[in-house]
Structure formats: C-alpha cells, structure tokens
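Below is one structure, written out as structure tokens, with a few remarks after it.
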Amino acid sequence: MALDAREEIVSQIIVRTLIIVMLMAGLVATFVWIAARKSDELSIERQQHVIATVLEQNFRAIAHDQEAATVWDDSVRELSAPVLDATWLDENLGVWFYTYYGHDEVFIVDPRDRVVYAMREGRRHDAGTYARSVGSVATPLIAELRNKMRSGVKIPKASSVLSPGAIDLGTFHGHPAIISVKPIVSDTGEIVQKPGTEYFHVSIRYLDGSFVADLARRYQLTDGHFASAPPEDENRSRVALRTHRGTLIGYFIWAPFRPGTAMLGEVAPALVISLLLVLGTIVWLLRRISRSALQLSAAKSQAVHLANHDPLTGLANRALFDRQLSQELAQLGVAGKTMALLYIDLDHFKNVNDHLGHPTGDLLICALARVLSEVAPSDLVARLGGDEFAIIHIADNAAKSGERLARNIQKILARPIDLGHGEVLIGASIGLAVAPADGTDPVELVRKADIALYDAKHRGRRRHSFFTEPMGERIRERSEIERELREAMRTGAGLDVLYQPFFAAQGGDLLGAEALIRWTHPIRGSIPPETFIPIAEECGLIETLNEWVLEQACFAAARWPAGIVAVNLSAVQLRNVTLAERIYAILKRTRLSPSRLELEITETSFIESSEKCRSNLGWLRDIGVRIALDDFGTGYSSFKHLRGFEIDRIKIDQSFVATIQLGQSGSPVIRAIIDLARLSGLTTTAEGVETEQQRLFLTSIGCDVLQGFLLAEPMTAGDAETRFLAALDQ
Ligand code: C2E
Ligand code: MG
Ligand code: MG
C-alpha cells in the first residue's frame, strides 16, 4: 500500500478516536450536569424543609420571648392594680419587647378581652383607638387561648414552654405577621388567678419587616425576603406561609444554595482543562503511535521490497518473477492474451568480470537492467542472477511483439554501452518461449525459454531463438551425452586418442602429429568431438578430459624418436590461470621436452583469454612450447588482433582449403593469409588437405605444413609410433 493511503488511514483513525473521546467526554459532562442538577434539587428540597422548620421554630421563639415578661409575678401584680402604670408597662411588657426582641406590635387585653395597653413599632398607642384595629386575626386566637385557660390547661413540668399560648399567621395592620398570644401568669405560683380571668399579652411580628431580614442573616440565606406572590425568577426557592385555617398569606423567598451548580462552577474550569489535556495527550499519543506505525510499515515495505527485488539493479528478483509468472499464466486464458517469456544472457560476461573487474561488471549489469526496463517499460523485467535476465511480456500477439522486443535489445546492444568511465561492447543471447503455445506451466515455460537461450548461444550468440520441440530433443540428448561422458571418463571405456600426422609442404617430411580425442559409445558408436567437446566445456569436464589427452599425447610423443605432438586446448582451459603450471607438470611427468609440444588454441579463445593467461602461455613459449592458432579464418581472422601475441603458427581452417577446387586458381583468401603470416614471421599449416590439387596449390603459394586425409588420417598411438620410426629410417 502506498504511504499516502496509509497516512490517510492513520489520520482517519485519529479523527475517529477524537470523535469517540469527545462523545465520551460529552457523556461524562452530561452525567456530571445531571448529577449537579439532582444534587441541586435535593439540596433545595432539603433547604425548603429546613426553612419551613426554622420558620416554625422562629414563630415559637416569639412566644418564648413573651414568656420572659408574661410568666412573672410582677406583671400579674402590676396589671391587677386599679390604675395601670403605663411607663412600667412600656418598660416591661410593651416598648421593651420592641427594643429588646424586635416585636413590632404588642397589646394587652384584660379578662374581658378589652385592650388595656398597645404599642406599635416602639411607641405606645392609645388602647381605645388601637382596639378598633385589632381585627379578625387576633380575636379568634385570644378566644381560643381564653378557652384553653378556662379549661385549666396544665403545662407539663419537663416542657420548655412555661405557659400555654396560641399562635397563628395573618395579616395585621396590612402586614403579614406572626401573632402570638400568651397569658400573664405568676411565675412563683404565689398569686392565684381564677382560670379564664388572666390578662393576655399579644405580640405581633411583621413578616415583611426585620424578622425576615434577621432570619436570612442568621441562617445565611441569600436574598431571603417575604412576598405576597410567588417569585417570578425560577432560580428562587420559596416556602408558602398559611394560617391555621389554610389561608395563604404569602411566601418566604430566598436564593437557594445550589451545591451541584456551585461544584460545577468550581470544577468546570479544571474539568475543561483536564479534558483538553487528555485530548491533547491522546492526539500526541496517537500521532506518536501512527508515526511509529508508519515507520514500521515503511520498514516492512522496504523489507518486502528487498525480499522481492535485486539490490544491485532494483529489478524484480527470482522470487517475485516466479510468483508473477505463475499469476500471469493463470490469468492468461481469462484475459485472452498471450505471453512471451524472454530469457536474456550476456555473452562472455565472465570475461568482463575477469578483465575489467567486478565493479565494472556490476556497472554493466546495471546498464543492461536500464536498457531492458526502457525497452519493456510495461513488462516485468527480472534479474534471475549473475548476467541472467528475464522479461514477462504479455500482449495480444506476444510471439510477434516479443520478437520485436528481442530485436530492439540486440539493436541497442550492437552499440557500445557507456559505463561512465569507458565503453563496453557486449552482446546478449535471448531465448523465447511463448504461452499458451509452448504450455502454461511456469516450470515448463521457464525450461523452454532456457533451452531457446541455449540454442541462441550455440548458434553463435548475439541472437535470439524461439523454443522449438527439436531443440528440446537436442537438450535431452545433450544431457544424456553429458551423463554418459561422465561415466566414460570415470571408467575410461571408449575414450581414446588418435594422432593425425602433419608434413612439411616442401619435401613431405613428417613433422609431427595432432592428438585428436575419440569416443566410441557402446550404443551410439563413434561420437564426434564437435558434439561432446562443447558439452564437456559447458558441464565443467573439459579440463580433466583435455589434461588426460595432453598426458596421453606427451607419453606417446615421448616414445617417438622425433617430431612434434600438437594438442588442442579449449577456451575454458585458457581462462584458468594455473594452465601453464599444469602443462609444465605434465611435461615433467611424461619427460617430454617442451620443444616437442605444440598447443592449438582457437583465435577467439586466445584473444578473449585474460592477460594473465596469455602471459603464462608466453612463459611456456619461452621454455620452448609452441603455440598455434587453430581454425584460422573462422573467428576474428584479424592479424591486427594477433599483433603482440606470442604465437608460432597459423592453422588455416579446412573450410578455406576445401574451396581449392580442381582447375581453379585457389582461394585468394588463403594466399592472403599465407602472405600476411609470412610477413608477421609466422609459419602456416593448412588443415583438411584432401586432394593433390590442394596440396600442389598450397605448396605453390608457400604454405609450410600440410595436414589432411590425403597425407594421413588420424591413427592410433602405436601406428603413429611406427610411422615416426619408419620416417627416421628413410
Ligand atoms: P581440429 O583441431 O581442427 O582438428 C582437425 C579435424 O579435422 C579433426 O577432426 C580431423 O579428423 C579432421 N580432419 C583432418 N584431416 C581432414 C581432412 O582431410 N578432411 C576432413 N574433412 N577432415 C579432416 P576431429 O578429430 O573430428 O576433431 C574435430 C575438432 O574437435 C578438432 O578440430 C578440435 O577442434 C576438436 N578436438 C579434437 N580433439 C580434441 C581434443 O583432444 N581437445 C579439444 N579441446 N578439442 C579437440
Ligand atoms: Mg586442431
Ligand atoms: Mg582445425
């Protein structure tokens, strides 16, 4: 998944988490708010209850205040005097109640319920005038208490109340008020009064006056006041005040203490700050987690990329190639497409590594990777290892477009590749297998592309081959030959070395013989070296095989009285820097003089061998071993290339010799080769001389040595020995 998509998912997770956290915070806030409301409601209910009780107690407190002067012998005595002492009454039962207890009105009635003393708001009033305004509230209370007194009500001793009383609420002189009536009785009991003949002390306390203000102050009630109508502000609490008969006279109103709201007010800022901190922390944590998750995911992607790609070129590796190939092949039928599988291998890449070093080899591999990616931008290009690449090419007609692809690759590689610090010219061989024509099994298709590649290499490299069934046959045969050759080399059965003599063109002296390997298979019969030598070269058997031939040849030549033995060397051997050492060891072992050994090397393998190998061969040459260039004319055929190389002889390939026909003047090429060789100080051998005409022509143009069926066919070591002995005798 792309990094952007992952970042988007991570930010979605952050946003969702934040929404959930906010919802939870909202839920908690709602619960807190509901709890605060509930707590407020409970508190208000409780306050109402407490205030109702407090009001009740305070109403009683008025009666209690009265007892201070109404349960007192002096008052009884004073009131029973024929003439009332108004000043005394002011000081003890009237004005004093205003100044000391805050009672707003006081009046005293005699046993016949006539007002004998009146005080209002600290000032004595005329009793007669006052009596007219006592009204309907006090009168029933006075009557009620008078009845109680007449019936001789007794106060229990343990009671906190000293005398009976009557108390009620009502509107008095336009004020809502508490009205309390108390009898004036003896405190000592020494003055006996006939029940129902007592004076009564009536105290009035206005509810809309100082009473309520005092109450509010004492109980610390905010905005406590009295009102005749219920409060309009719903934040105010109230207690309804009713008379005993149930008549509503007004309300005690106050601003109730709301603990929930207060608590909210106290903790809300802290809660909001905490919530913000929690949110901040969550965001921070999520960002950190997401960053590490992204880093982890990026590391994972990198690991996945590394597991699927070649670190040098960045191309798909074999694991990804195998997977992709299987997938594409499975979908091929569904999509109605065809596939060309291209196997690409650089020609002689090993030489680049050996001659120019591995860093240059790596640069070349990277350059080829670029070339392939550019040529096939929409195909999967993979590096399967070393210098081996593959392309999975899908198209409507993949065989055709795949071939075009192969040609394009060859075309680009026909020019030298710039490696930054120099140019390299390298070819590539390409094998193609096509699905579904060649099958849709991935293993089978890969095998067929590989066979086609092998074919392209065998047909001379720098080309491409499509897989064909006969190719498969050849490969099968080849692998059988390989197996059987191993077996033959293990037992030695069927392997032999024949010797084909060569002669001086002038005079016809026997100069030496070339060792030629023979393999006679028990079933297949004689297998030509052109068939099994390349197989031995490919499967790594050639060095052992050729060293065996060399040793046989040296042993054989050591028995000849004279003459040179020529031994063919393979290109593979020439890449081994220990070659000279090993040849020298064989010479020592067989006791053959180095001057009697000639090594035949093909022109191409000689030119492509490393500097070190060539200098080793130069050392062999210094001790007398001769070097001949075999099959001259089939490779570079360039004297320019040979300049500076330490060689002694050129063997003109038999394909040129065969052009010398009866009656013709002979190949001008041979003539040119011989002239140039002579100019370069090299001797020449013509191989494959089959006719007298060829012999005469070659001799006439100055060829030094002749070899061919005309003169001698390859023969056994024994026959060769006889031949040499016979030559000695002549
Ligand atoms: P070559 O080195 O050019 O050897 C000469 C080949 O030409 C031999 O074939 C020989 O039998 C054949 N020949 C000789 N005179 C005539 C002629 O007049 N007419 C025709 N048509 N052919 C003639 P052979 O033995 O089949 O070997 C073929 C090639 O196999 C050799 O070509 C050589 O390149 C390779 N070879 C043979 N023996 C060995 C060996 O021991 N080691 C290696 N590395 N290569 C070997
Ligand atoms: Mg040869
Ligand atoms: Mg030859």
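Just so we're on the same page: first chain in the structure tokens is A, next is B, and so on; residues restart at 1 for each chain, and ligands are numbered from 1 in the order they show up.
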
Check which residues fall inside 7 Å of ligand 2 when counting only C-alpha atoms and all ligand atoms, and print them as a PyMOL selection string.
-> chain A and resi 514+567-568+600+630

Please, could you write that set of residues out with C-alpha atoms as a PDB file, in the first residue's frame?
ATOM      1  CA  GLU A 514      47.958 -33.699 -33.800  1.00  0.00           C
ATOM      2  CA  VAL A 567      47.304 -30.848 -28.596  1.00  0.00           C
ATOM      3  CA  ASN A 568      44.045 -28.868 -28.830  1.00  0.00           C
ATOM      4  CA  GLU A 600      46.440 -25.459 -30.603  1.00  0.00           C
ATOM      5  CA  ASP A 630      43.705 -23.333 -34.888  1.00  0.00           C
TER       6      ASP A 630
END

With only C-alpha atoms and all ligand atoms counted and 9 Å as the cut-off, give the residues of chain A in contact with ligand 1, each with its shortest interatomic distance in Å and the pair that gives it, as a Markdown table.
| residue | atom | partner | partner_atom_place_in_ligand_line | distance |
| --- | --- | --- | --- | --- |
| A:Val497 | CA | ligand 1 | 41 (O) | 7.3 |
| A:Leu498 | CA | ligand 1 | 25 (O) | 8.0 |
| A:Tyr499 | CA | ligand 1 | 25 (O) | 9.0 |
| A:Gln500 | CA | ligand 1 | 14 (C) | 7.0 |
| A:Glu514 | CA | ligand 1 | 4 (O) | 7.6 |
| A:Ala515 | CA | ligand 1 | 41 (O) | 6.1 |
| A:Leu516 | CA | ligand 1 | 38 (N) | 3.6 |
| A:Ile517 | CA | ligand 1 | 38 (N) | 4.1 |
| A:Arg518 | CA | ligand 1 | 25 (O) | 7.1 |
| A:Ile527 | CA | ligand 1 | 26 (O) | 8.9 |
| A:Pro528 | CA | ligand 1 | 26 (O) | 5.3 |
| A:Pro529 | CA | ligand 1 | 30 (O) | 4.6 |
| A:Glu530 | CA | ligand 1 | 30 (O) | 4.9 |
| A:Thr531 | CA | ligand 1 | 30 (O) | 8.4 |
| A:Phe532 | CA | ligand 1 | 30 (O) | 8.9 |
| A:Ile533 | CA | ligand 1 | 45 (N) | 6.3 |
| A:Pro534 | CA | ligand 1 | 44 (N) | 8.7 |
| A:Glu537 | CA | ligand 1 | 44 (N) | 8.7 |
| A:Ile542 | CA | ligand 1 | 44 (N) | 7.4 |
| A:Glu543 | CA | ligand 1 | 44 (N) | 8.9 |
| A:Leu545 | CA | ligand 1 | 41 (O) | 7.7 |
| A:Asn546 | CA | ligand 1 | 42 (N) | 5.5 |
| A:Glu547 | CA | ligand 1 | 41 (O) | 8.8 |
| A:Trp548 | CA | ligand 1 | 41 (O) | 8.6 |
| A:Val549 | CA | ligand 1 | 41 (O) | 5.5 |
| A:Leu550 | CA | ligand 1 | 41 (O) | 7.6 |
| A:Val567 | CA | ligand 1 | 41 (O) | 6.5 |
| A:Asn568 | CA | ligand 1 | 43 (C) | 4.5 |
| A:Leu569 | CA | ligand 1 | 44 (N) | 4.5 |
| A:Ser570 | CA | ligand 1 | 44 (N) | 4.4 |
| A:Ala571 | CA | ligand 1 | 44 (N) | 8.0 |
| A:Gln573 | CA | ligand 1 | 44 (N) | 8.8 |
| A:Glu600 | CA | ligand 1 | 2 (O) | 7.1 |
| A:Ile601 | CA | ligand 1 | 44 (N) | 8.4 |
| A:Thr602 | CA | ligand 1 | 34 (O) | 7.9 |
| A:Asp630 | CA | ligand 1 | 3 (O) | 6.2 |
| A:Asp631 | CA | ligand 1 | 3 (O) | 5.7 |
| A:Lys651 | CA | ligand 1 | 3 (O) | 8.1 |
| A:Ile652 | CA | ligand 1 | 3 (O) | 9.0 |
| A:Asp653 | CA | ligand 1 | 3 (O) | 6.8 |
| A:Gln654 | CA | ligand 1 | 20 (C) | 7.1 |
| A:Ser655 | CA | ligand 1 | 21 (N) | 8.8 |
| A:Ala658 | CA | ligand 1 | 19 (N) | 8.5 |
| A:Glu687 | CA | ligand 1 | 15 (N) | 6.0 |
| A:Gly688 | CA | ligand 1 | 18 (O) | 3.4 |
| A:Val689 | CA | ligand 1 | 18 (O) | 4.6 |
| A:Glu690 | CA | ligand 1 | 18 (O) | 4.4 |
| A:Thr691 | CA | ligand 1 | 18 (O) | 8.1 |
| A:Gln707 | CA | ligand 1 | 15 (N) | 6.0 |
| A:Gly708 | CA | ligand 1 | 15 (N) | 3.5 |
| A:Phe709 | CA | ligand 1 | 18 (O) | 3.7 |
| A:Leu710 | CA | ligand 1 | 18 (O) | 6.1 |
| A:Leu711 | CA | ligand 1 | 18 (O) | 8.0 |
| A:Ala712 | CA | ligand 1 | 15 (N) | 7.7 |
| A:Glu713 | CA | ligand 1 | 15 (N) | 6.4 |
| A:Pro714 | CA | ligand 1 | 11 (O) | 6.1 |

Would you output that residue set with C-alpha atoms, as an mmCIF file, in the first residue's frame?
data_model
loop_
_atom_site.group_PDB
_atom_site.id
_atom_site.type_symbol
_atom_site.label_atom_id
_atom_site.label_comp_id
_atom_site.auth_asym_id
_atom_site.auth_seq_id
_atom_site.Cartn_x
_atom_site.Cartn_y
_atom_site.Cartn_z
ATOM 1 C CA VAL A 497 43.396 -40.513 -28.565
ATOM 2 C CA LEU A 498 44.279 -40.725 -32.250
ATOM 3 C CA TYR A 499 47.161 -38.914 -33.886
ATOM 4 C CA GLN A 500 46.973 -37.251 -37.275
ATOM 5 C CA GLU A 514 47.958 -33.699 -33.800
ATOM 6 C CA ALA A 515 46.286 -35.523 -30.909
ATOM 7 C CA LEU A 516 42.562 -35.909 -31.546
ATOM 8 C CA ILE A 517 40.236 -37.359 -28.988
ATOM 9 C CA ARG A 518 37.888 -40.199 -29.897
ATOM 10 C CA ILE A 527 30.631 -39.632 -31.264
ATOM 11 C CA PRO A 528 32.471 -36.732 -32.964
ATOM 12 C CA PRO A 529 34.466 -34.409 -30.710
ATOM 13 C CA GLU A 530 32.494 -31.442 -32.136
ATOM 14 C CA THR A 531 29.484 -32.968 -30.342
ATOM 15 C CA PHE A 532 30.903 -33.863 -26.942
ATOM 16 C CA ILE A 533 33.728 -31.294 -26.547
ATOM 17 C CA PRO A 534 31.271 -28.339 -26.211
ATOM 18 C CA GLU A 537 33.158 -27.450 -21.816
ATOM 19 C CA ILE A 542 36.816 -30.316 -20.273
ATOM 20 C CA GLU A 543 39.827 -29.565 -18.107
ATOM 21 C CA LEU A 545 39.373 -34.545 -20.259
ATOM 22 C CA ASN A 546 41.975 -32.405 -22.031
ATOM 23 C CA GLU A 547 44.608 -32.933 -19.414
ATOM 24 C CA TRP A 548 44.082 -36.622 -19.926
ATOM 25 C CA VAL A 549 44.528 -36.139 -23.724
ATOM 26 C CA LEU A 550 47.607 -33.997 -23.123
ATOM 27 C CA VAL A 567 47.304 -30.848 -28.596
ATOM 28 C CA ASN A 568 44.045 -28.868 -28.830
ATOM 29 C CA LEU A 569 43.264 -26.599 -25.898
ATOM 30 C CA SER A 570 39.778 -25.489 -25.042
ATOM 31 C CA ALA A 571 38.734 -21.885 -24.383
ATOM 32 C CA GLN A 573 41.221 -24.070 -20.097
ATOM 33 C CA GLU A 600 46.440 -25.459 -30.603
ATOM 34 C CA ILE A 601 44.269 -22.633 -29.491
ATOM 35 C CA THR A 602 41.348 -21.107 -31.382
ATOM 36 C CA ASP A 630 43.705 -23.333 -34.888
ATOM 37 C CA ASP A 631 40.837 -22.908 -37.362
ATOM 38 C CA LYS A 651 46.407 -23.306 -38.966
ATOM 39 C CA ILE A 652 44.237 -22.312 -41.931
ATOM 40 C CA ASP A 653 40.779 -23.747 -41.399
ATOM 41 C CA GLN A 654 39.805 -26.636 -43.635
ATOM 42 C CA SER A 655 36.763 -24.702 -44.887
ATOM 43 C CA ALA A 658 38.013 -27.020 -49.358
ATOM 44 C CA GLU A 687 44.391 -28.491 -42.484
ATOM 45 C CA GLY A 688 41.938 -30.760 -44.290
ATOM 46 C CA VAL A 689 44.081 -31.308 -47.354
ATOM 47 C CA GLU A 690 42.169 -33.998 -49.218
ATOM 48 C CA THR A 691 43.303 -33.646 -52.837
ATOM 49 C CA GLN A 707 47.676 -31.893 -42.745
ATOM 50 C CA GLY A 708 44.789 -33.894 -44.203
ATOM 51 C CA PHE A 709 43.354 -37.234 -45.197
ATOM 52 C CA LEU A 710 45.374 -37.042 -48.428
ATOM 53 C CA LEU A 711 48.562 -37.365 -46.426
ATOM 54 C CA ALA A 712 47.487 -39.282 -43.353
ATOM 55 C CA GLU A 713 44.310 -39.976 -41.446
ATOM 56 C CA PRO A 714 44.230 -39.928 -37.657
#

Using DSSP on the backbone, list every residue of range 297-515 of chain A that comes out as alpha helix (DSSP H), and give them as a count of residues only.
-> 112

Residue list (strand (DSSP E or B), DSSP) for range 456-672 of chain A, as a ChimeraX atom specification | /A:464-466,495-504,510-521,525-527,564-568,597-602,626-632,649-652

Have a look at CA of Asn317 in chain A and CA of Arg383 in chain A and let me know their distance in Å, one decimal.
->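 Rounded to one decimal, the two atoms are 5.5 Å apart.
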
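Using only C-alpha atoms, the smallest distance between any of A:Val434, A:Val185, A:Arg415, A:Arg258 and Leu329 in chain A comes from A:Val434.
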